[in-house]
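Asker: Encoded as structure tokens, here's the structure I'll be asking about.
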Amino acid sequence: MTSSVCETRCERSQVRLQLQSLGKLASTSEVRKYRGPLQTVLAIAREEGLAAPFKGWAPGIHRQVIFTGVRLGMYEKGKAMLAGSNDPEAKAHLSIGKKIAVSLGTSGLGITLANPSDVVKVRYQAFQGASKAQREYSSVYQAYREIASTEGIWKGLYRGYSANLARNMIISATEITVYDQTKQVLLANGLPDQVGLHLGCGFVAGLSATCLGSPMDVVGTKMMVNSDGRYGSSIGSVIVQMLQKEGIRSFYKGFWPNFARVGSFNVVLWTSYEQISKLVEATTGG
């Protein structure tokens, strides 16, 4: 929950930058309204209020509780199953291929359960602009209800599921595997298992996930709000339309706010996770 609140401001900036070319924002003029992460945050705060950059935090927390709870909660269980033991040393020495397989599986299950919250979060962040011409949801609950009733469960709350599944499996598996492997290597080289190590490994995991996951992140965001079908209804059609209309660079739109979001999220997530894990182990006696 802490990491979700920390990332919301950067995520809203990222979504606005990604959707600017889709014409789904309050301004549809030819002049680019949003020109960078900091300018975007300031523009949103100036036009919509100081709390505006944090809109979408509630469905964001819904999403993280489900998604992160499943992917991290089951990751260690999955490693123990493949290692045939719950011994930390046995799990640490699993091959990187097996770690990737486990993280892909737990991430896929987690995002399948959390996709409705993802859709509501993106809609909230994209459409809650200052213009009254744009649809606005009066509450998170009303957003869930309206999307489900007007668009249906699959076509509404699971809109963009295939792209969302792909991007979250890529990003999440990268985060988990890179963090796990980086930590293992640094510990083997004599670094102490302390907060500084967790911060550094979290930063590396966040940077890696942003670089690998940004293209599918942009595609997934566009699919979730592409209710008029302008970019098609499949991953392939969206990718082709983006290439034809915007070029290859469009797949990295919003990269810096995305990195600020994913990087800060991973630093907070893994540091908190390690400290809580140590606290639980001390409380339960291992």
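Lettering and numbering for the structure tokens are positional, with chains as A, B, ... in the shown order, residues counted from 1 in each chain, and ligands counted from 1 in the shown order.
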Please return, as a count of residues only, all residues of stretch 92-185 of chain A that DSSP assigns to helix (DSSP H, G or I) on the basis of the backbone.

Answerer: 75

Asker: Quick one: everything within 10 Å of A:Gly202, counting only C-alpha atoms, minus sequence neighbours fewer than 3 positions away in the same chain. Send it as a PyMOL selection string.

Answerer: chain A and resi 175-176+178-180+182-183+196-199+205-208+262-271

Asker: Which neighbours of stretch 105-110 of chain A fall inside 10 Å, counting only C-alpha atoms, when residues of the same chain fewer than 5 positions from it are skipped, and could you give them as a PyMOL selection string?

Answerer: chain A and resi 63-78+99-100+115+164-173+176

Asker: How would the residues just picked look written out with C-alpha atoms as a PDB file, in the first residue's frame?

Answerer:
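Once written, part_33.pdb looks like this:
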```
ATOM      1  CA  ARG A  63      -4.795  -3.452  -7.534  1.00  0.00           C
ATOM      2  CA  GLN A  64      -1.604  -3.668  -5.499  1.00  0.00           C
ATOM      3  CA  VAL A  65      -3.175  -5.563  -2.601  1.00  0.00           C
ATOM      4  CA  ILE A  66      -4.422  -8.219  -5.026  1.00  0.00           C
ATOM      5  CA  PHE A  67      -1.589  -8.274  -7.564  1.00  0.00           C
ATOM      6  CA  THR A  68       1.415  -7.851  -5.302  1.00  0.00           C
ATOM      7  CA  GLY A  69      -0.113 -10.014  -2.590  1.00  0.00           C
ATOM      8  CA  VAL A  70      -0.502 -12.924  -5.011  1.00  0.00           C
ATOM      9  CA  ARG A  71       2.751 -12.560  -6.981  1.00  0.00           C
ATOM     10  CA  LEU A  72       5.033 -12.139  -3.947  1.00  0.00           C
ATOM     11  CA  GLY A  73       3.040 -14.330  -1.596  1.00  0.00           C
ATOM     12  CA  MET A  74       3.184 -17.265  -3.981  1.00  0.00           C
ATOM     13  CA  TYR A  75       6.712 -16.656  -5.332  1.00  0.00           C
ATOM     14  CA  GLU A  76       8.506 -18.126  -2.319  1.00  0.00           C
ATOM     15  CA  LYS A  77       6.005 -21.006  -2.229  1.00  0.00           C
ATOM     16  CA  GLY A  78       6.692 -21.715  -5.880  1.00  0.00           C
ATOM     17  CA  LYS A  99      12.945 -18.380 -10.963  1.00  0.00           C
ATOM     18  CA  ILE A 100      11.666 -16.705 -14.126  1.00  0.00           C
ATOM     19  CA  ASN A 115      -7.292  -6.529 -14.047  1.00  0.00           C
ATOM     20  CA  ASN A 164      -2.149  -6.096 -19.531  1.00  0.00           C
ATOM     21  CA  LEU A 165      -1.302  -9.740 -18.892  1.00  0.00           C
ATOM     22  CA  ALA A 166       1.730  -9.534 -21.170  1.00  0.00           C
ATOM     23  CA  ARG A 167       3.071  -6.264 -19.785  1.00  0.00           C
ATOM     24  CA  ASN A 168       2.576  -7.180 -16.142  1.00  0.00           C
ATOM     25  CA  MET A 169       4.100 -10.624 -16.550  1.00  0.00           C
ATOM     26  CA  ILE A 170       7.123  -9.025 -18.239  1.00  0.00           C
ATOM     27  CA  ILE A 171       7.481  -6.174 -15.732  1.00  0.00           C
ATOM     28  CA  SER A 172       6.711  -8.226 -12.637  1.00  0.00           C
ATOM     29  CA  ALA A 173       8.880 -11.202 -13.584  1.00  0.00           C
ATOM     30  CA  ILE A 176      11.227 -10.233  -9.005  1.00  0.00           C
TER      31      ILE A 176
END
```

Asker: To one decimal place in Å, what is the distance between atom CA of A:Ala282 and atom CA of A:Phe203?

Answerer: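 Rounded to one decimal, the two atoms are 26.4 Å apart.
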
Asker: Can you measure atom CA of A:Leu82 to atom CA of A:Val102 for me? One decimal in Å is fine.

Answerer: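 According to the coordinates, atom CA of A:Leu82 and atom CA of A:Val102 are separated by 8.8 Å.
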
Asker: With distances taken over only C-alpha atoms, which residue among A:Ala209, A:Ser95, A:Gln275, A:Ala148 lies nearest A:Asp193?

Answerer: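 For A:Asp193, the nearest of the given residues is A:Gln275.
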
Asker: Closest to A:Ala114 among A:Ile96, A:Met81, A:Ile61, A:Leu186, using only C-alpha atoms?

Answerer: A:Ile61

Asker: In Å, with one decimal, what is the gap from atom CA of A:Thr283 to atom CA of A:Asn189?

Answerer: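 A separation of 28.9 Å between them.
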
Asker: Using only C-alpha atoms, which residue out of A:Trp154, A:Val219, A:His93, A:Ala163 lies closest to A:Tyr252?

Answerer: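 The answer is A:Val219, which sits nearest to A:Tyr252.
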
Asker: Using only C-alpha atoms, which residue out of A:Asn86, A:Gln142, A:Ser162, A:Thr174 lies closest to A:Thr221?

Answerer: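 Selected residue with least distance to A:Thr221: A:Ser162.
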